[in-house]
$ cat start_27.txt   # compact mmCIF, C-alpha atoms
# COMPACT_ATOMS: atom_id res chain seq x y z
CA MET P 1 -40.12 -5.88 -66.93
CA SER P 2 -41.80 -3.52 -69.38
CA LEU P 3 -42.62 -4.80 -72.86
CA MET P 4 -40.34 -2.01 -74.12
CA ASP P 5 -37.33 -3.27 -72.19
CA THR P 6 -34.37 -5.00 -73.82
CA PRO P 7 -34.49 -8.69 -72.78
CA ARG P 8 -31.83 -9.60 -70.20
CA ALA P 9 -30.35 -12.19 -72.58
CA ASN P 10 -29.52 -9.41 -75.08
CA ARG P 11 -27.79 -7.15 -72.55
CA LEU P 12 -24.09 -6.85 -71.79
CA HIS P 13 -23.38 -8.82 -68.59
CA ILE P 14 -20.97 -7.10 -66.21
CA GLY P 15 -19.94 -9.18 -63.18
CA LEU P 16 -18.34 -7.93 -59.97
CA TYR P 17 -15.99 -10.33 -58.21
CA GLY P 18 -13.96 -9.97 -55.05
CA LYS P 19 -13.65 -10.95 -51.41
CA ARG P 20 -16.40 -10.52 -48.88
CA ASN P 21 -16.91 -6.92 -47.80
CA SER P 22 -14.73 -5.59 -50.63
CA GLY P 23 -17.49 -3.18 -51.55
CA LYS P 24 -18.89 -4.89 -54.64
CA SER P 25 -22.49 -3.97 -53.81
CA SER P 26 -21.53 -0.35 -53.04
CA LEU P 27 -19.68 -0.24 -56.34
CA ILE P 28 -22.78 -1.38 -58.25
CA ASN P 29 -24.82 1.34 -56.54
CA ALA P 30 -22.22 3.94 -57.50
CA LEU P 31 -22.03 2.73 -61.12
CA THR P 32 -25.79 2.77 -61.58
CA GLY P 33 -26.53 5.84 -59.46
CA GLN P 34 -29.20 3.85 -57.63
CA GLU P 35 -29.45 1.91 -54.39
CA ILE P 36 -30.09 -1.40 -56.12
CA ALA P 37 -27.77 -3.66 -54.09
CA LEU P 38 -27.97 -4.35 -50.37
CA VAL P 39 -25.00 -2.85 -48.53
CA SER P 40 -23.85 -3.80 -45.03
CA GLN P 41 -20.68 -3.66 -42.96
CA GLU P 42 -21.17 -7.34 -42.24
CA ALA P 43 -19.16 -9.57 -44.54
CA GLY P 44 -21.11 -11.96 -46.73
CA THR P 45 -24.26 -9.88 -47.20
CA THR P 46 -24.59 -11.02 -50.83
CA THR P 47 -25.31 -14.76 -51.06
CA ASP P 48 -26.61 -15.96 -54.43
CA PRO P 49 -25.65 -13.83 -57.45
CA VAL P 50 -28.03 -10.91 -57.95
CA TYR P 51 -28.82 -9.80 -61.52
CA LYS P 52 -29.93 -6.22 -62.11
CA SER P 53 -30.84 -4.87 -65.55
CA MET P 54 -29.87 -1.24 -66.16
CA GLU P 55 -29.36 1.35 -68.88
CA ILE P 56 -25.99 3.10 -68.54
CA TYR P 57 -25.13 6.07 -70.75
CA GLY P 58 -22.34 5.13 -73.15
CA ILE P 59 -22.72 1.42 -72.40
CA GLY P 60 -26.41 0.92 -73.17
CA PRO P 61 -28.58 -1.92 -71.85
CA CYS P 62 -26.60 -4.08 -69.45
CA VAL P 63 -26.92 -6.45 -66.52
CA PHE P 64 -24.83 -6.06 -63.37
CA ILE P 65 -24.09 -9.30 -61.53
CA ASP P 66 -23.42 -8.86 -57.80
CA THR P 67 -21.72 -12.02 -56.52
CA ALA P 68 -20.88 -13.56 -53.17
CA GLY P 69 -17.30 -13.12 -51.97
CA PHE P 70 -15.02 -15.75 -53.41
CA ASP P 71 -13.37 -16.15 -50.01
CA ASP P 72 -16.60 -17.30 -48.35
CA ILE P 73 -16.13 -20.06 -45.77
CA GLY P 74 -17.96 -23.09 -44.42
CA SER P 75 -20.16 -25.59 -46.24
CA LEU P 76 -22.72 -22.91 -47.13
CA GLY P 77 -19.93 -20.57 -48.20
CA LYS P 78 -18.58 -23.25 -50.54
CA LEU P 79 -21.98 -23.46 -52.23
CA ARG P 80 -22.04 -19.67 -52.60
CA VAL P 81 -18.61 -19.70 -54.24
CA GLU P 82 -19.87 -22.34 -56.69
CA LYS P 83 -22.76 -20.04 -57.59
CA THR P 84 -20.25 -17.23 -58.09
CA LYS P 85 -18.23 -19.45 -60.41
CA GLU P 86 -21.37 -20.30 -62.38
CA ALA P 87 -21.99 -16.58 -62.86
CA THR P 88 -18.62 -16.24 -64.60
CA GLN P 89 -20.00 -18.28 -67.53
CA LYS P 90 -22.48 -15.46 -68.24
CA THR P 91 -20.05 -12.59 -67.67
CA ASP P 92 -19.04 -10.55 -70.73
CA ILE P 93 -16.78 -8.19 -68.72
CA ALA P 94 -15.51 -8.87 -65.20
CA LEU P 95 -14.69 -6.23 -62.58
CA ILE P 96 -12.24 -7.75 -60.09
CA VAL P 97 -12.20 -5.79 -56.82
CA PHE P 98 -8.99 -5.70 -54.75
CA THR P 99 -8.83 -4.35 -51.18
CA ASP P 100 -5.67 -5.80 -49.59
CA SER P 101 -2.15 -6.93 -50.44
CA ASP P 102 -2.94 -10.67 -50.31
CA LEU P 103 -3.67 -11.20 -54.00
CA ALA P 104 -3.76 -15.01 -54.08
CA GLU P 105 -7.52 -15.38 -54.45
CA GLU P 106 -7.88 -12.51 -56.90
CA LEU P 107 -5.09 -13.86 -59.11
CA LYS P 108 -6.69 -17.31 -59.16
CA TRP P 109 -9.94 -15.83 -60.45
CA LEU P 110 -8.09 -13.59 -62.86
CA GLN P 111 -6.57 -16.70 -64.44
CA HIS P 112 -10.05 -18.23 -64.58
CA PHE P 113 -11.30 -15.27 -66.62
CA LYS P 114 -8.26 -15.42 -68.89
CA ALA P 115 -9.00 -19.10 -69.56
CA GLN P 116 -12.57 -18.16 -70.50
CA ASP P 117 -11.32 -15.33 -72.71
CA THR P 118 -13.34 -12.88 -70.61
CA PRO P 119 -11.97 -9.31 -70.48
CA PHE P 120 -11.50 -8.00 -66.95
CA ILE P 121 -10.83 -4.72 -65.16
CA PRO P 122 -8.82 -4.71 -61.89
CA ILE P 123 -10.20 -2.23 -59.36
CA ILE P 124 -8.95 -1.07 -55.97
CA ASN P 125 -11.98 -0.03 -53.95
CA LYS P 126 -12.17 1.97 -50.70
CA VAL P 127 -9.18 4.15 -51.62
CA ASP P 128 -10.61 6.81 -49.29
CA THR P 129 -9.62 4.60 -46.34
CA LEU P 130 -6.67 2.57 -47.69
CA GLU P 131 -3.27 3.78 -46.49
CA ASN P 132 -1.31 1.57 -48.93
CA ARG P 133 -3.30 2.37 -52.09
CA ASP P 134 -0.25 3.34 -54.15
CA SER P 135 1.89 0.35 -53.14
CA LEU P 136 -1.10 -1.98 -53.68
CA ALA P 137 -1.66 -0.48 -57.14
CA ALA P 138 2.00 -1.04 -58.00
CA GLN P 139 1.80 -4.62 -56.73
CA ILE P 140 -1.29 -5.37 -58.83
CA GLU P 141 0.21 -3.81 -61.95
CA ALA P 142 3.44 -5.76 -61.50
CA THR P 143 1.55 -9.02 -60.96
CA CYS P 144 -1.31 -8.63 -63.46
CA GLY P 145 0.34 -6.46 -66.07
CA ILE P 146 -2.60 -4.03 -65.91
CA SER P 147 -2.84 -0.80 -63.99
CA PRO P 148 -5.86 -0.95 -61.63
CA ILE P 149 -8.48 1.75 -61.40
CA LEU P 150 -8.53 3.50 -58.02
CA VAL P 151 -12.07 3.84 -56.74
CA SER P 152 -14.04 5.06 -53.77
CA ALA P 153 -17.59 3.86 -54.20
CA LYS P 154 -18.54 5.91 -51.16
CA ASN P 155 -17.23 9.18 -52.62
CA LYS P 156 -18.01 8.26 -56.28
CA GLU P 157 -14.30 8.57 -57.09
CA GLY P 158 -13.11 6.67 -60.17
CA ILE P 159 -16.62 5.65 -61.31
CA ASP P 160 -16.34 7.41 -64.68
CA ALA P 161 -12.98 5.69 -65.26
CA ILE P 162 -14.64 2.29 -64.78
CA LYS P 163 -17.38 3.15 -67.28
CA GLU P 164 -14.78 4.29 -69.81
CA ALA P 165 -12.83 1.05 -69.33
CA ILE P 166 -16.02 -1.01 -69.85
CA ILE P 167 -16.72 0.85 -73.11
CA ARG P 168 -13.18 0.11 -74.36
CA LEU P 169 -13.69 -3.59 -73.66
CA LEU P 170 -17.11 -3.95 -75.30
CA PRO P 171 -17.22 -7.05 -77.55
CA GLU P 172 -16.74 -6.19 -81.22
CA ASP P 173 -20.22 -7.43 -82.13
CA TYR P 174 -21.97 -5.80 -79.18
CA GLU P 175 -25.19 -4.08 -80.35
CA VAL P 176 -24.33 -4.66 -84.02
CA LYS P 177 -24.84 -8.42 -84.34
CA SER P 178 -28.03 -9.15 -86.22
CA ILE P 179 -30.26 -12.17 -85.72
CA THR P 180 -30.87 -12.58 -89.44
CA GLY P 181 -27.35 -11.54 -90.44
CA PRO P 182 -26.72 -11.52 -94.21
CA LEU P 183 -29.92 -13.46 -94.96
CA ALA P 184 -32.08 -10.33 -94.99
CA ALA P 185 -31.43 -6.88 -96.44
CA PRO P 186 -33.47 -3.65 -96.59
CA GLY P 187 -36.48 -4.04 -98.86
CA ASP P 188 -36.45 -7.86 -98.79
CA LEU P 189 -39.81 -9.62 -98.49
CA VAL P 190 -39.63 -11.99 -95.53
CA LEU P 191 -42.34 -14.49 -94.67
CA LEU P 192 -42.58 -15.74 -91.08
CA VAL P 193 -44.34 -19.10 -90.71
CA MET P 194 -45.36 -19.31 -87.08
CA PRO P 195 -47.57 -22.20 -85.91
CA GLN P 196 -49.28 -21.11 -82.71
CA ASP P 197 -49.18 -24.28 -80.61
CA ILE P 198 -49.94 -24.57 -76.90
CA GLN P 199 -46.37 -23.56 -76.00
CA ALA P 200 -47.01 -20.03 -77.28
CA PRO P 201 -48.42 -17.84 -74.45
CA LYS P 202 -52.04 -16.86 -75.12
CA GLY P 203 -52.20 -13.51 -76.89
CA ARG P 204 -48.43 -13.36 -77.43
CA LEU P 205 -45.65 -14.65 -79.64
CA ILE P 206 -42.71 -16.58 -78.26
CA LEU P 207 -39.50 -14.62 -77.66
CA PRO P 208 -37.46 -15.77 -80.72
CA GLN P 209 -40.33 -14.76 -83.00
CA VAL P 210 -40.63 -11.33 -81.39
CA GLN P 211 -36.89 -10.67 -81.50
CA THR P 212 -36.58 -11.83 -85.11
CA LEU P 213 -39.52 -9.66 -86.15
CA ARG P 214 -37.92 -6.62 -84.51
CA ASP P 215 -34.60 -7.39 -86.22
CA LEU P 216 -36.32 -7.47 -89.62
CA LEU P 217 -38.24 -4.26 -88.98
CA ASP P 218 -35.01 -2.51 -87.95
CA LYS P 219 -33.54 -3.64 -91.29
CA LYS P 220 -36.51 -2.10 -93.13
CA CYS P 221 -37.62 -5.45 -94.50
CA LEU P 222 -41.16 -6.10 -95.69
CA VAL P 223 -42.55 -8.69 -93.28
CA MET P 224 -45.52 -11.01 -93.76
CA SER P 225 -46.58 -13.73 -91.33
CA CYS P 226 -48.89 -16.73 -91.32
CA THR P 227 -49.52 -20.03 -89.61
CA THR P 228 -48.49 -23.28 -91.26
CA ASP P 229 -51.97 -24.16 -92.46
CA GLN P 230 -52.20 -20.80 -94.26
CA LEU P 231 -48.81 -21.04 -95.99
CA ALA P 232 -50.15 -22.05 -99.43
CA ALA P 233 -52.80 -19.32 -99.35
CA THR P 234 -50.26 -16.72 -98.26
CA LEU P 235 -47.80 -17.60 -101.02
CA LYS P 236 -50.64 -17.40 -103.53
CA VAL P 237 -51.65 -13.82 -102.62
CA LEU P 238 -48.09 -12.45 -102.53
CA ALA P 239 -47.09 -10.46 -105.62
CA LYS P 240 -43.70 -12.17 -105.65
CA ALA P 241 -41.95 -15.07 -103.95
CA PRO P 242 -40.46 -14.19 -100.54
CA ASP P 243 -36.72 -13.54 -100.51
CA LEU P 244 -36.55 -15.39 -97.21
CA ILE P 245 -38.88 -17.70 -95.29
CA ILE P 246 -38.31 -18.18 -91.55
CA THR P 247 -40.26 -20.98 -89.93
CA ASP P 248 -40.61 -22.86 -86.70
CA SER P 249 -38.26 -25.85 -86.85
CA GLN P 250 -41.09 -28.24 -86.02
CA VAL P 251 -42.62 -27.68 -89.49
CA PHE P 252 -39.35 -27.44 -91.43
CA LYS P 253 -40.16 -30.23 -93.88
CA THR P 254 -43.74 -29.04 -94.46
CA VAL P 255 -42.55 -25.54 -95.34
CA TYR P 256 -39.63 -26.81 -97.41
CA ASP P 257 -41.96 -28.89 -99.57
CA GLN P 258 -44.17 -25.85 -100.32
CA LYS P 259 -41.66 -23.01 -100.61
CA PRO P 260 -40.77 -21.38 -103.97
CA SER P 261 -37.42 -22.62 -105.23
CA ILE P 262 -35.93 -19.10 -105.23
CA SER P 263 -36.85 -18.42 -101.59
CA LYS P 264 -34.20 -18.95 -98.94
CA LEU P 265 -35.34 -20.99 -95.94
CA THR P 266 -34.25 -21.05 -92.31
CA SER P 267 -35.84 -21.36 -88.87
CA PHE P 268 -35.91 -19.28 -85.72
CA SER P 269 -33.88 -21.93 -83.92
CA VAL P 270 -31.21 -22.06 -86.65
CA LEU P 271 -30.96 -18.26 -86.62
CA PHE P 272 -30.40 -18.35 -82.87
CA ALA P 273 -27.85 -21.12 -83.30
CA SER P 274 -25.72 -18.53 -85.07
CA TYR P 275 -26.84 -15.47 -83.06
CA LYS P 276 -26.24 -17.05 -79.64
CA GLY P 277 -23.93 -19.96 -80.36
CA ASP P 278 -21.61 -21.58 -82.91
CA LEU P 279 -23.53 -22.66 -86.01
CA GLN P 280 -20.70 -24.58 -87.68
CA THR P 281 -20.10 -26.59 -84.51
CA PHE P 282 -23.83 -27.30 -84.28
CA LYS P 283 -23.90 -28.51 -87.88
CA GLN P 284 -20.97 -30.83 -87.25
CA GLY P 285 -22.73 -32.08 -84.13
CA ALA P 286 -25.84 -33.01 -86.13
CA TYR P 287 -23.82 -35.36 -88.34
CA ALA P 288 -22.80 -37.26 -85.19
CA ILE P 289 -26.36 -38.61 -85.05
CA ASP P 290 -25.33 -41.19 -87.63
CA THR P 291 -22.81 -42.63 -85.15
CA LEU P 292 -25.37 -43.16 -82.37
CA THR P 293 -26.66 -46.57 -81.35
CA GLU P 294 -29.27 -47.74 -78.86
CA ASN P 295 -26.45 -47.86 -76.31
CA SER P 296 -25.72 -44.15 -76.77
CA LYS P 297 -26.63 -41.37 -74.37
CA VAL P 298 -27.98 -37.96 -75.44
CA LEU P 299 -28.45 -34.79 -73.39
CA ILE P 300 -31.15 -32.32 -74.43
CA ALA P 301 -30.58 -28.89 -72.85
CA GLU P 302 -33.34 -26.30 -72.78
CA ALA P 303 -33.04 -22.71 -71.53
CA CYS P 304 -36.71 -22.36 -70.59
CA THR P 305 -38.11 -23.70 -67.33
CA HIS P 306 -41.78 -23.97 -68.33
CA ALA P 307 -43.78 -26.98 -67.18
CA PRO P 308 -43.72 -29.85 -69.72
CA LEU P 309 -46.51 -29.55 -72.29
CA SER P 310 -48.01 -31.96 -74.77
CA GLU P 311 -45.87 -32.14 -77.92
CA ASP P 312 -43.10 -30.10 -76.28
CA ILE P 313 -40.24 -29.93 -78.79
CA GLY P 314 -37.44 -30.70 -76.34
CA ARG P 315 -39.21 -33.21 -74.12
CA GLU P 316 -41.47 -34.95 -76.65
CA LYS P 317 -40.77 -34.30 -80.34
CA LEU P 318 -36.97 -34.48 -80.42
CA PRO P 319 -36.77 -37.65 -78.31
CA ARG P 320 -39.40 -39.27 -80.54
CA LEU P 321 -37.57 -38.32 -83.75
CA LEU P 322 -34.24 -39.55 -82.37
CA ARG P 323 -35.65 -42.88 -81.19
CA GLN P 324 -37.40 -43.39 -84.53
CA LYS P 325 -34.00 -43.15 -86.21
CA ILE P 326 -31.73 -44.78 -83.61
CA GLY P 327 -34.00 -47.15 -81.71
CA SER P 328 -36.20 -47.18 -78.63
CA GLY P 329 -33.28 -48.07 -76.35
CA LEU P 330 -31.55 -44.69 -76.83
CA THR P 331 -31.00 -42.98 -73.46
CA ILE P 332 -32.06 -39.33 -73.41
CA ASP P 333 -31.60 -37.01 -70.44
CA ILE P 334 -33.26 -33.60 -70.33
CA THR P 335 -32.10 -30.52 -68.42
CA SER P 336 -33.74 -27.11 -68.28
CA GLY P 337 -32.98 -23.54 -67.20
CA PRO P 338 -29.53 -22.74 -65.79
CA HIS P 339 -29.07 -26.34 -64.64
CA PHE P 340 -26.38 -27.95 -66.78
CA PRO P 341 -24.46 -31.06 -65.69
CA SER P 342 -21.04 -30.23 -64.30
CA LYS P 343 -19.86 -33.61 -65.59
CA LEU P 344 -20.71 -34.28 -69.22
CA GLU P 345 -18.59 -37.41 -69.57
CA GLY P 346 -20.66 -40.31 -70.84
CA TYR P 347 -22.80 -38.32 -73.27
CA ASP P 348 -22.42 -39.05 -76.98
CA LEU P 349 -24.32 -35.96 -78.14
CA ILE P 350 -25.70 -32.74 -76.64
CA ILE P 351 -28.62 -30.95 -78.31
CA HIS P 352 -29.20 -27.37 -77.12
CA CYS P 353 -32.20 -25.13 -77.66
CA GLY P 354 -31.87 -21.75 -79.41
CA GLY P 355 -30.85 -20.15 -76.12
CA CYS P 356 -33.10 -17.09 -76.40
CA MET P 357 -33.19 -16.88 -72.58
CA PHE P 358 -29.38 -16.91 -72.26
CA ASN P 359 -26.77 -14.39 -73.29
CA ARG P 360 -24.31 -15.46 -75.99
CA LYS P 361 -21.44 -15.77 -73.52
CA TYR P 362 -23.32 -18.42 -71.54
CA VAL P 363 -24.32 -20.47 -74.60
CA LEU P 364 -20.73 -20.41 -75.87
CA SER P 365 -19.48 -21.51 -72.44
CA ARG P 366 -21.61 -24.64 -72.79
CA VAL P 367 -20.28 -25.21 -76.29
CA ALA P 368 -16.75 -24.88 -74.91
CA GLN P 369 -17.48 -27.44 -72.18
CA ALA P 370 -18.61 -29.95 -74.79
CA LYS P 371 -15.67 -29.26 -77.09
CA ALA P 372 -13.18 -29.70 -74.26
CA LEU P 373 -14.48 -33.25 -73.84
CA ASN P 374 -14.82 -33.92 -77.60
CA ILE P 375 -18.58 -34.35 -77.22
CA PRO P 376 -20.58 -33.32 -80.33
CA ILE P 377 -23.07 -30.54 -79.61
CA SER P 378 -25.90 -29.33 -81.83
CA ASN P 379 -29.10 -27.27 -81.78
CA TYR P 380 -32.83 -28.07 -81.93
CA GLY P 381 -33.41 -26.55 -85.36
CA VAL P 382 -30.20 -27.91 -86.88
CA VAL P 383 -30.99 -31.44 -85.66
CA ILE P 384 -34.58 -31.32 -86.93
CA ALA P 385 -33.38 -30.10 -90.32
CA TYR P 386 -30.85 -32.95 -90.43
CA LEU P 387 -33.40 -35.57 -89.40
CA SER P 388 -35.76 -34.16 -92.06
CA GLY P 389 -33.06 -34.56 -94.71
CA ILE P 390 -32.92 -30.86 -95.58
CA LEU P 391 -30.01 -29.50 -93.55
CA GLU P 392 -27.92 -28.85 -96.66
CA HIS P 393 -30.78 -26.78 -98.10
CA ILE P 394 -31.16 -24.54 -95.05
CA ASP P 395 -29.71 -21.02 -95.15
CA ALA P 396 -27.92 -19.48 -92.19
$ encode --input "start_27.txt" --output "structure tokens"
Amino acid sequence: MSLMDTPRANRLHIGLYGKRNSGKSSLINALTGQEIALVSQEAGTTTDPVYKSMEIYGIGPCVFIDTAGFDDIGSLGKLRVEKTKEATQKTDIALIVFTDSDLAEELKWLQHFKAQDTPFIPIINKVDTLENRDSLAAQIEATCGISPILVSAKNKEGIDAIKEAIIRLLPEDYEVKSITGPLAAPGDLVLLVMPQDIQAPKGRLILPQVQTLRDLLDKKCLVMSCTTDQLAATLKVLAKAPDLIITDSQVFKTVYDQKPSISKLTSFSVLFASYKGDLQTFKQGAYAIDTLTENSKVLIAEACTHAPLSEDIGREKLPRLLRQKIGSGLTIDITSGPHFPSKLEGYDLIIHCGGCMFNRKYVLSRVAQAKALNIPISNYGVVIAYLSGILEHIDA
């Protein structure tokens, strides 16, 4: 991926779902105008979901998800269907492909998307060869309440209609949601306090820092940056106090103790708690720490899959802070990347990272899983602020 590319996590995720050999891969090729998906007459060509980042005129930066047929069979097929179901948690808009009059499977998945509050577009593919296209369209409309789009991926028929339907269903905050939200305005002086520990790739900044910096530049803010040990010197040379200070959560208390009283303070992780997740739910989750005992069980969920490093925030610092408050007997499980327990029962608290590697839909799906089981869920930065005794003084 080029350094100029929009990160996948910030792109609209469009998933294609249907039976094997319904033409999902051909449809992706037609929508993108490129041969990016493997096409074969043999059913079941697509196994694991395939993610392809694209730029589509009128839609902008997006990711197409090509999934295995949800009618796959056998023990291996069952695993493929589970992967397809996992992909639905990341899907902002679903394209459901119909090819025959047996609608049982399609309707089951349609209800799944409705339950997830995911907008969907019914599509009849291969209309160049279907003899019952009109009766099938009427059947789908009568059953789903939505008129399907008639498409021939082979002949590029109906492709523009799909793009227009996607544009109509774009989330309200798509491409307008800001990382810093109301905390920063044009002309504001913003100070970024960014300790460069061993987790930061050599010669680069970590993704939340880069994305926040770009957000501030787009807002025409005046941006200054420093490391934690240079904070006092930086504040001294500035002509005025910063309107906003954004810091790494790991040094929240250090920065709070030195900041000017008129400067607002937040962290990259707290910003992403709002940008990618549900900040109010995360705040409520932090207060649940007071109910934990040494018999409690906590899950720490991290989006990144890097190898554990010394003083890693999720694997080292948070567990240490929690055990200092609760006791050494506290049970803490750690998961990383897309791996998230299918059964969350038994956990008393979930603490999630900022989610910079995930799209907002996926983070919110995890929040919904926790809420459904009445399990408190919070965020790295929010929890650190709470454990530091400054959560009520943090801006978001």
$ closest_residue --input "start_27.txt" --among "P:Leu103, P:Ile245, P:Ile313, P:Ala286" --to "P:Ala142" --atoms "all atoms listed in the file"
P:Leu103
$ atom_distance --input "start_27.txt" --atom1 "atom CA of P:Asp128" --atom2 "atom CA of P:Ile146"
21.4 Å
$ atom_distance --input "start_27.txt" --atom1 "atom CA of P:Asn359" --atom2 "atom CA of P:Ser178"
14.0 Å
$ residues_around --input "start_27.txt" --residues "P:Gln89" --least-positions-apart "5" --cutoff "12 Å" --atoms "only C-alpha atoms" --output "ChimeraX atom specification"
/P:13-15,65,82-84,94,112-113,115-118,338,340,358-369
$ closest_atom_pairs --input "start_27.txt" --of "stretch 261-330 of chain P" --to "stretch 344-352 of chain P" --cutoff "7 Å" --atoms "all atoms listed in the file" --output "CSV"
residue,atom,partner,partner_atom,distance
P:Ser296,CA,P:Asp348,CA,6.1
P:Lys297,CA,P:Tyr347,CA,5.0
P:Val298,CA,P:Leu349,CA,5.0
P:Leu299,CA,P:Ile350,CA,4.7
P:Ile300,CA,P:Ile351,CA,4.8
P:Ala301,CA,P:His352,CA,4.7
P:Glu302,CA,P:His352,CA,6.1
$ closest_residue --input "start_27.txt" --among "P:Arg168, P:Pro61, P:Met194, P:Thr129" --to "P:Asn155" --atoms "only C-alpha atoms"
P:Thr129
$ closest_residue --input "start_27.txt" --among "P:Pro186, P:Gly33, P:Gly69, P:Pro260" --to "P:Tyr17" --atoms "all atoms listed in the file"
P:Gly69
$ atom_distance --input "start_27.txt" --atom1 "atom CA of P:Arg320" --atom2 "atom CA of P:Ser274"
25.3 Å
$ residues_around --input "start_27.txt" --residues "P:Pro148" --least-positions-apart "5" --cutoff "8 Å" --atoms "all atoms listed in the file" --output "number ranges by chain"
P: 121-124, 137, 140-141
